[in-house]
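Novice: Here you go, one structure.
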Amino acid sequence: MGQKRVLVKFSGEALAGEAGHGIDTQILNYISQEIKSLVDAGIQVGLVIGGGNIIRGVTAAKDGIIRRTAGDYMGMLATVINAVAMQEACEHAGLKVRVQTAIKMEQIAEPYIQRRAVRHLEKGRVVIFAAGTGNPFFTTDTAATLRAVEIGADVIIKATKVDGVYDRDPNKFADAVKLDVLSYDQALHDHIKVMDDTSIALAKDNKLPIIVCDMFKSGNLLEIIGGDYTNCSIVQ
Ligand code: UDP
């Protein structure tokens with residue numbers, strides 16, 4: 001038994017590709033094809049994309065010239081840039097898609113309205129949730145978890161550069177072991193850190209399973225949603 005409605009979160013960094021910043025249209029194209037395979041299989045898909053390829057609040061505010069709140073708003077705007085780009089790629093792939101923003105900017109996208117988002121999903125449209133939660137001091141992981149809970153997603157999938165959660169940093173320790181299943185409390189441990197504490201706590205409170213998987217393994221998302229958990233980790 002697979003899931004029917006999912007929220008997939010991609011980091012902004014993932015869009016940057018080799019350049020390390022900006023937006024690589026080939027990566028957008030790859031992601032939209034992966035998303036299309038889900039939609040073609042009858043799965044309802046919500047998306048959240050970070051903004052780290054453009055700007056992050058904490059980094060922008062590092063030397064104290066830009067205040068954290070302003071930096072965070074800049075970060076939220078960065079997620080809108082990525083969402084608009086992703087919308088184009090999804091349409092290019094033949095998908096129907098809407099962007100909804102947590103901060104109103106109606107010339108660019110619809111404002112976020114939960115009931116309207118659900119209606120779009122029911123009609124087979126991909127909904128991209130942009131501008132994070134609309135509040136500074138949060139992350140797009142938290143925004144993704146919040147939207148997943150709001151739209152009643154069966155699962156949130158964090159599509160990353162690694163294939164799952166390890167008991168320690170696999171880049172530093174050759175003997176790091178991948179954890180196939182872990183509890184929310186395990187995921188909150190400092191050395192594991194699947195997502196930030198706020199998002200894990202929100203997922204825990206609402207019994208929303210979190211799946212961590214490798215975004216660059218083609219076909220992975222469809223396999224996972226189909227119930228094959230070989231190439232991922234699940235927090236539940
Ligand atoms: N951000 C925010 N509130 C939110 C979501 C995001 O203030 O609800 C800001 C924050 O400054 C963050 C930036 O937007 O650094 C980009 O998001 P994030 O760092 O989560 O992106 P990712 O790491 O996934 O690329």
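Chain labels follow the order of the structure tokens: the first chain is A, the next B, and so on; residue numbering restarts at 1 in every chain, and ligands are counted from 1 in their shown order.
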Could the residues of region 9-45 of chain A that have an atom at most 9 Å from region 49-67 of chain A be listed as a Markdown table, each with its closest atom pair and the distance in Å to one decimal, counting only C-alpha atoms and ordered by chain and ascending residue number?

Specialist:
```
| residue | atom | partner | partner_atom | distance |
| --- | --- | --- | --- | --- |
| A:Lys9 | CA | A:Ile49 | CA | 5.8 |
| A:Phe10 | CA | A:Ile49 | CA | 4.9 |
| A:Ser11 | CA | A:Gly50 | CA | 4.5 |
| A:Gly12 | CA | A:Gly50 | CA | 4.1 |
| A:Glu13 | CA | A:Asn53 | CA | 4.4 |
| A:Ala14 | CA | A:Asn53 | CA | 7.6 |
| A:Leu15 | CA | A:Asn53 | CA | 7.0 |
| A:Ala16 | CA | A:Asn53 | CA | 5.8 |
| A:Gly20 | CA | A:Asn53 | CA | 7.1 |
| A:His21 | CA | A:Asn53 | CA | 4.9 |
| A:Gly22 | CA | A:Asn53 | CA | 5.8 |
| A:Ile23 | CA | A:Asn53 | CA | 7.5 |
```

Novice: Out of region 40-220 of chain A, which residues get strand (DSSP E or B) from DSSP, as a VMD selection string?

Specialist: chain A and resid 44 to 49 97 to 101 110 to 111 126 to 130 155 to 160 165 to 166 178 to 179 181 to 182 210 to 214

Novice: Could you write out the selected residues, including N, CA, C and O atoms, as a compact mmCIF listing (two decimals), in the first residue's frame?

Specialist:
```txt
# COMPACT_ATOMS: atom_id res chain seq x y z
N GLN A 44 -0.83 12.66 -5.46
CA GLN A 44 -0.98 14.12 -5.32
C GLN A 44 0.31 14.67 -4.69
O GLN A 44 0.74 14.17 -3.65
N VAL A 45 0.87 15.70 -5.32
CA VAL A 45 2.19 16.16 -4.89
C VAL A 45 2.22 17.64 -4.51
O VAL A 45 1.88 18.51 -5.31
N GLY A 46 2.64 17.91 -3.29
CA GLY A 46 2.97 19.26 -2.85
C GLY A 46 4.48 19.36 -2.79
O GLY A 46 5.16 18.37 -2.49
N LEU A 47 5.01 20.55 -3.10
CA LEU A 47 6.47 20.74 -3.08
C LEU A 47 6.85 21.93 -2.23
O LEU A 47 6.14 22.94 -2.23
N VAL A 48 7.96 21.79 -1.53
CA VAL A 48 8.59 22.95 -0.89
C VAL A 48 10.04 22.94 -1.32
O VAL A 48 10.69 21.90 -1.32
N ILE A 49 10.53 24.10 -1.73
CA ILE A 49 11.93 24.23 -2.12
C ILE A 49 12.57 25.29 -1.24
O ILE A 49 11.98 26.36 -1.02
N VAL A 97 0.44 23.10 -12.53
CA VAL A 97 1.12 23.48 -11.29
C VAL A 97 0.70 24.87 -10.83
O VAL A 97 0.38 25.74 -11.65
N ARG A 98 0.64 25.07 -9.54
CA ARG A 98 0.36 26.38 -8.96
C ARG A 98 1.39 26.67 -7.87
O ARG A 98 1.76 25.76 -7.12
N VAL A 99 1.82 27.92 -7.80
CA VAL A 99 2.64 28.36 -6.67
C VAL A 99 1.74 29.10 -5.71
O VAL A 99 0.91 29.91 -6.13
N GLN A 100 1.86 28.80 -4.43
CA GLN A 100 1.16 29.57 -3.39
C GLN A 100 2.21 30.11 -2.43
O GLN A 100 3.08 29.37 -1.97
N THR A 101 2.11 31.39 -2.10
CA THR A 101 3.10 32.01 -1.22
C THR A 101 2.54 32.33 0.15
O THR A 101 1.38 32.74 0.28
N GLU A 110 -0.39 32.77 -6.26
CA GLU A 110 -1.56 32.82 -5.38
C GLU A 110 -1.10 32.94 -3.93
O GLU A 110 -0.04 32.43 -3.59
N PRO A 111 -1.91 33.56 -3.10
CA PRO A 111 -1.58 33.49 -1.67
C PRO A 111 -1.89 32.08 -1.16
O PRO A 111 -2.74 31.39 -1.74
N VAL A 126 0.14 20.06 -9.25
CA VAL A 126 1.23 20.12 -8.27
C VAL A 126 1.14 21.48 -7.60
O VAL A 126 0.91 22.49 -8.26
N VAL A 127 1.25 21.53 -6.29
CA VAL A 127 1.25 22.82 -5.60
C VAL A 127 2.62 23.06 -4.98
O VAL A 127 3.11 22.22 -4.21
N ILE A 128 3.22 24.19 -5.34
CA ILE A 128 4.52 24.55 -4.76
C ILE A 128 4.27 25.61 -3.69
O ILE A 128 3.72 26.68 -3.98
N PHE A 129 4.65 25.28 -2.47
CA PHE A 129 4.44 26.21 -1.35
C PHE A 129 5.69 27.04 -1.16
O PHE A 129 6.76 26.51 -0.83
N ALA A 130 5.58 28.34 -1.38
CA ALA A 130 6.76 29.21 -1.35
C ALA A 130 6.69 30.21 -0.20
O ALA A 130 5.67 30.36 0.45
N VAL A 155 2.84 11.52 4.06
CA VAL A 155 4.27 11.46 4.39
C VAL A 155 4.96 12.72 3.88
O VAL A 155 4.49 13.36 2.93
N ILE A 156 6.04 13.09 4.55
CA ILE A 156 6.91 14.15 4.00
C ILE A 156 8.21 13.48 3.58
O ILE A 156 8.76 12.66 4.31
N ILE A 157 8.65 13.79 2.38
CA ILE A 157 9.90 13.22 1.89
C ILE A 157 10.93 14.33 1.77
O ILE A 157 10.71 15.31 1.07
N LYS A 158 12.02 14.16 2.50
CA LYS A 158 13.10 15.12 2.38
C LYS A 158 14.10 14.55 1.37
O LYS A 158 14.79 13.58 1.66
N ALA A 159 14.09 15.14 0.18
CA ALA A 159 14.97 14.67 -0.89
C ALA A 159 16.30 15.40 -0.78
O ALA A 159 16.35 16.63 -0.92
N THR A 160 17.37 14.65 -0.48
CA THR A 160 18.66 15.27 -0.18
C THR A 160 19.77 14.69 -1.05
O THR A 160 19.52 13.95 -1.98
N VAL A 165 19.53 8.36 6.67
CA VAL A 165 20.06 8.88 7.93
C VAL A 165 21.10 7.90 8.46
O VAL A 165 20.86 6.69 8.47
N TYR A 166 22.22 8.41 8.88
CA TYR A 166 23.31 7.56 9.41
C TYR A 166 23.49 7.79 10.91
O TYR A 166 23.11 8.84 11.44
N LYS A 178 23.84 3.16 8.09
CA LYS A 178 22.56 3.76 7.71
C LYS A 178 21.46 3.18 8.58
O LYS A 178 21.37 1.98 8.79
N LEU A 179 20.61 4.05 9.08
CA LEU A 179 19.49 3.62 9.91
C LEU A 179 18.25 3.56 9.02
O LEU A 179 17.85 4.57 8.46
N VAL A 181 15.10 2.64 9.93
CA VAL A 181 13.95 3.19 10.66
C VAL A 181 14.45 3.82 11.94
O VAL A 181 15.31 3.25 12.62
N LEU A 182 13.96 4.98 12.27
CA LEU A 182 14.32 5.58 13.55
C LEU A 182 13.12 6.32 14.12
O LEU A 182 12.17 6.64 13.40
N ILE A 210 8.51 10.91 8.36
CA ILE A 210 9.49 11.66 7.57
C ILE A 210 10.37 10.64 6.84
O ILE A 210 10.92 9.74 7.48
N ILE A 211 10.50 10.80 5.54
CA ILE A 211 11.39 9.91 4.80
C ILE A 211 12.54 10.74 4.25
O ILE A 211 12.34 11.84 3.74
N VAL A 212 13.75 10.23 4.42
CA VAL A 212 14.93 10.91 3.89
C VAL A 212 15.48 10.04 2.77
O VAL A 212 15.71 8.84 2.96
N CYS A 213 15.68 10.65 1.59
CA CYS A 213 16.20 9.84 0.48
C CYS A 213 17.07 10.68 -0.44
O CYS A 213 17.10 11.90 -0.37
N ASP A 214 17.78 9.96 -1.32
CA ASP A 214 18.68 10.57 -2.29
C ASP A 214 17.87 11.11 -3.48
O ASP A 214 17.24 10.34 -4.20
```

Novice: Quick one: everything within 6 Å of Arg5 (chain A), counting only C-alpha atoms, minus sequence neighbours fewer than 4 positions away in the same chain. Send it as a ChimeraX atom specification.

Specialist: /A:43-44,153-154

Novice: Could you write out the selected residues, including N, CA, C and O atoms, as an mmCIF file, in the first residue's frame?

Specialist:
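File selection.cif, as written:
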```cif
data_model
loop_
_atom_site.group_PDB
_atom_site.id
_atom_site.type_symbol
_atom_site.label_atom_id
_atom_site.label_comp_id
_atom_site.auth_asym_id
_atom_site.auth_seq_id
_atom_site.Cartn_x
_atom_site.Cartn_y
_atom_site.Cartn_z
ATOM 1 N N ILE A 43 -0.475 10.089 -7.854
ATOM 2 C CA ILE A 43 -0.124 10.618 -6.529
ATOM 3 C C ILE A 43 -0.266 12.142 -6.532
ATOM 4 O O ILE A 43 0.106 12.807 -7.504
ATOM 5 N N GLN A 44 -0.833 12.661 -5.458
ATOM 6 C CA GLN A 44 -0.976 14.120 -5.322
ATOM 7 C C GLN A 44 0.306 14.671 -4.689
ATOM 8 O O GLN A 44 0.735 14.170 -3.649
ATOM 9 N N ALA A 153 -1.009 15.395 4.207
ATOM 10 C CA ALA A 153 -0.132 14.484 3.455
ATOM 11 C C ALA A 153 0.096 13.206 4.260
ATOM 12 O O ALA A 153 0.109 13.230 5.491
ATOM 13 N N ASP A 154 0.274 12.098 3.546
ATOM 14 C CA ASP A 154 0.540 10.825 4.219
ATOM 15 C C ASP A 154 1.972 10.753 4.713
ATOM 16 O O ASP A 154 2.283 10.022 5.649
#
```

Novice: I need the residues of region 125-225 of chain A that end up classed as helix (DSSP H, G or I) by DSSP on the backbone, written out as JSON, numbers by chain.

Specialist: {"A": [140, 141, 142, 143, 144, 145, 146, 147, 148, 149, 150, 184, 185, 186, 187, 197, 198, 199, 200, 201, 202, 203, 204, 205, 220, 221, 222, 223, 224, 225]}

Novice: Using N, CA and C atoms, can you write the selected residues to a file as a PDB file, in the first residue's frame?

Specialist:
```pdb
ATOM      1  N   THR A 140      12.734  26.243   5.924  1.00  0.00           N
ATOM      2  CA  THR A 140      11.845  25.641   4.934  1.00  0.00           C
ATOM      3  C   THR A 140      11.533  24.178   5.286  1.00  0.00           C
ATOM      4  N   ASP A 141      12.380  23.547   6.108  1.00  0.00           N
ATOM      5  CA  ASP A 141      12.032  22.196   6.596  1.00  0.00           C
ATOM      6  C   ASP A 141      10.778  22.297   7.466  1.00  0.00           C
ATOM      7  N   THR A 142      10.733  23.304   8.309  1.00  0.00           N
ATOM      8  CA  THR A 142       9.549  23.504   9.153  1.00  0.00           C
ATOM      9  C   THR A 142       8.342  23.872   8.297  1.00  0.00           C
ATOM     10  N   ALA A 143       8.557  24.750   7.313  1.00  0.00           N
ATOM     11  CA  ALA A 143       7.459  25.124   6.411  1.00  0.00           C
ATOM     12  C   ALA A 143       6.918  23.882   5.702  1.00  0.00           C
ATOM     13  N   ALA A 144       7.813  23.007   5.262  1.00  0.00           N
ATOM     14  CA  ALA A 144       7.403  21.798   4.549  1.00  0.00           C
ATOM     15  C   ALA A 144       6.588  20.880   5.467  1.00  0.00           C
ATOM     16  N   THR A 145       7.043  20.746   6.696  1.00  0.00           N
ATOM     17  CA  THR A 145       6.323  19.898   7.659  1.00  0.00           C
ATOM     18  C   THR A 145       4.954  20.493   7.968  1.00  0.00           C
ATOM     19  N   LEU A 146       4.927  21.801   8.163  1.00  0.00           N
ATOM     20  CA  LEU A 146       3.659  22.494   8.444  1.00  0.00           C
ATOM     21  C   LEU A 146       2.665  22.298   7.290  1.00  0.00           C
ATOM     22  N   ARG A 147       3.119  22.539   6.085  1.00  0.00           N
ATOM     23  CA  ARG A 147       2.210  22.376   4.931  1.00  0.00           C
ATOM     24  C   ARG A 147       1.789  20.916   4.787  1.00  0.00           C
ATOM     25  N   ALA A 148       2.701  20.000   5.016  1.00  0.00           N
ATOM     26  CA  ALA A 148       2.366  18.568   4.916  1.00  0.00           C
ATOM     27  C   ALA A 148       1.236  18.219   5.882  1.00  0.00           C
ATOM     28  N   VAL A 149       1.343  18.729   7.093  1.00  0.00           N
ATOM     29  CA  VAL A 149       0.308  18.456   8.096  1.00  0.00           C
ATOM     30  C   VAL A 149      -1.000  19.136   7.685  1.00  0.00           C
ATOM     31  N   GLU A 150      -0.898  20.374   7.231  1.00  0.00           N
ATOM     32  CA  GLU A 150      -2.107  21.126   6.855  1.00  0.00           C
ATOM     33  C   GLU A 150      -2.876  20.468   5.709  1.00  0.00           C
ATOM     34  N   TYR A 184      11.213   9.506  16.244  1.00  0.00           N
ATOM     35  CA  TYR A 184      11.334  10.967  16.258  1.00  0.00           C
ATOM     36  C   TYR A 184      12.383  11.396  17.281  1.00  0.00           C
ATOM     37  N   ASP A 185      12.378  10.719  18.449  1.00  0.00           N
ATOM     38  CA  ASP A 185      13.329  11.102  19.497  1.00  0.00           C
ATOM     39  C   ASP A 185      14.774  10.857  19.052  1.00  0.00           C
ATOM     40  N   GLN A 186      14.991   9.757  18.343  1.00  0.00           N
ATOM     41  CA  GLN A 186      16.342   9.505  17.795  1.00  0.00           C
ATOM     42  C   GLN A 186      16.720  10.592  16.795  1.00  0.00           C
ATOM     43  N   ALA A 187      15.721  10.993  15.988  1.00  0.00           N
ATOM     44  CA  ALA A 187      15.982  11.996  14.946  1.00  0.00           C
ATOM     45  C   ALA A 187      16.316  13.362  15.537  1.00  0.00           C
ATOM     46  N   ASP A 197      14.882  20.905  14.918  1.00  0.00           N
ATOM     47  CA  ASP A 197      14.027  20.401  16.007  1.00  0.00           C
ATOM     48  C   ASP A 197      12.564  20.785  15.841  1.00  0.00           C
ATOM     49  N   THR A 198      12.324  22.013  15.389  1.00  0.00           N
ATOM     50  CA  THR A 198      10.941  22.489  15.245  1.00  0.00           C
ATOM     51  C   THR A 198      10.159  21.600  14.287  1.00  0.00           C
ATOM     52  N   SER A 199      10.779  21.248  13.166  1.00  0.00           N
ATOM     53  CA  SER A 199      10.046  20.437  12.190  1.00  0.00           C
ATOM     54  C   SER A 199       9.849  19.006  12.687  1.00  0.00           C
ATOM     55  N   ILE A 200      10.858  18.468  13.367  1.00  0.00           N
ATOM     56  CA  ILE A 200      10.711  17.095  13.877  1.00  0.00           C
ATOM     57  C   ILE A 200       9.616  17.050  14.952  1.00  0.00           C
ATOM     58  N   ALA A 201       9.610  18.073  15.819  1.00  0.00           N
ATOM     59  CA  ALA A 201       8.582  18.128  16.876  1.00  0.00           C
ATOM     60  C   ALA A 201       7.185  18.215  16.269  1.00  0.00           C
ATOM     61  N   LEU A 202       7.048  19.000  15.232  1.00  0.00           N
ATOM     62  CA  LEU A 202       5.746  19.158  14.560  1.00  0.00           C
ATOM     63  C   LEU A 202       5.310  17.839  13.907  1.00  0.00           C
ATOM     64  N   ALA A 203       6.261  17.164  13.286  1.00  0.00           N
ATOM     65  CA  ALA A 203       5.964  15.866  12.664  1.00  0.00           C
ATOM     66  C   ALA A 203       5.573  14.846  13.742  1.00  0.00           C
ATOM     67  N   LYS A 204       6.309  14.871  14.846  1.00  0.00           N
ATOM     68  CA  LYS A 204       6.038  13.930  15.949  1.00  0.00           C
ATOM     69  C   LYS A 204       4.632  14.147  16.509  1.00  0.00           C
ATOM     70  N   ASP A 205       4.305  15.401  16.788  1.00  0.00           N
ATOM     71  CA  ASP A 205       2.985  15.736  17.353  1.00  0.00           C
ATOM     72  C   ASP A 205       1.850  15.275  16.451  1.00  0.00           C
ATOM     73  N   ASN A 220      13.599   6.940  -7.538  1.00  0.00           N
ATOM     74  CA  ASN A 220      13.589   6.702  -6.092  1.00  0.00           C
ATOM     75  C   ASN A 220      12.272   7.109  -5.428  1.00  0.00           C
ATOM     76  N   LEU A 221      11.788   8.315  -5.758  1.00  0.00           N
ATOM     77  CA  LEU A 221      10.570   8.834  -5.109  1.00  0.00           C
ATOM     78  C   LEU A 221       9.388   7.908  -5.371  1.00  0.00           C
ATOM     79  N   LEU A 222       9.266   7.483  -6.613  1.00  0.00           N
ATOM     80  CA  LEU A 222       8.140   6.622  -6.980  1.00  0.00           C
ATOM     81  C   LEU A 222       8.224   5.277  -6.258  1.00  0.00           C
ATOM     82  N   GLU A 223       9.444   4.735  -6.190  1.00  0.00           N
ATOM     83  CA  GLU A 223       9.665   3.461  -5.488  1.00  0.00           C
ATOM     84  C   GLU A 223       9.249   3.570  -4.017  1.00  0.00           C
ATOM     85  N   ILE A 224       9.704   4.645  -3.397  1.00  0.00           N
ATOM     86  CA  ILE A 224       9.449   4.842  -1.967  1.00  0.00           C
ATOM     87  C   ILE A 224       7.943   4.989  -1.716  1.00  0.00           C
ATOM     88  N   ILE A 225       7.309   5.811  -2.529  1.00  0.00           N
ATOM     89  CA  ILE A 225       5.880   6.031  -2.331  1.00  0.00           C
ATOM     90  C   ILE A 225       5.097   4.748  -2.631  1.00  0.00           C
TER      91      ILE A 225
END
```

Novice: Between CA of Lys207 (chain A) and CA of Gln236 (chain A), what distance in Å does the model show, to one decimal?

Specialist: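 According to the coordinates, CA of Lys207 (chain A) and CA of Gln236 (chain A) are separated by 7.1 Å.
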
Novice: Quick one: of A:Glu34, A:Asp180, A:Asp167, A:Asp196, who's nearest to Asn231 (chain A), counting only C-alpha atoms?

Specialist: A:Asp180

Novice: Of the candidates A:Glu18, A:Asp24, A:Glu122, A:Asp72, which shows the shortest atom-to-atom distance to ligand 1, using only C-alpha atoms and all ligand atoms?

Specialist: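 When distances to ligand 1 are compared using only C-alpha atoms and all ligand atoms, the smallest one comes from A:Asp72.
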
Novice: What does the structure give for the distance between CA of Met105 (chain A) and atom 25 (O, counted along the ligand's line) of ligand 1, in Å to one decimal?

Specialist: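 Going from CA of Met105 (chain A) over to atom 25 (O, counted along the ligand's line) of ligand 1, I get 20.8 Å.
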
Novice: Any idea what the distance is between CA of Leu28 (chain A) and atom 22 (P, counted along the ligand's line) of ligand 1?

Specialist: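 Distance reported for this atom pair: 15.4 Å.
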
Novice: Any idea what's packed within 12 Å of Ala176 (chain A), counting only C-alpha atoms, ignoring anything in its chain fewer than 5 positions away? Could you give it as JSON, numbers by chain?

Specialist: {"A": [164, 165, 166, 167, 168, 169, 170, 171, 191, 192]}

Novice: So that I can see what lies close to Met86 (chain A), please list as number ranges by chain the residues with an atom at most 8 Å from it, counting only C-alpha atoms and leaving out residues fewer than 4 positions away in the same chain.

Specialist: A: 28, 32, 82, 90
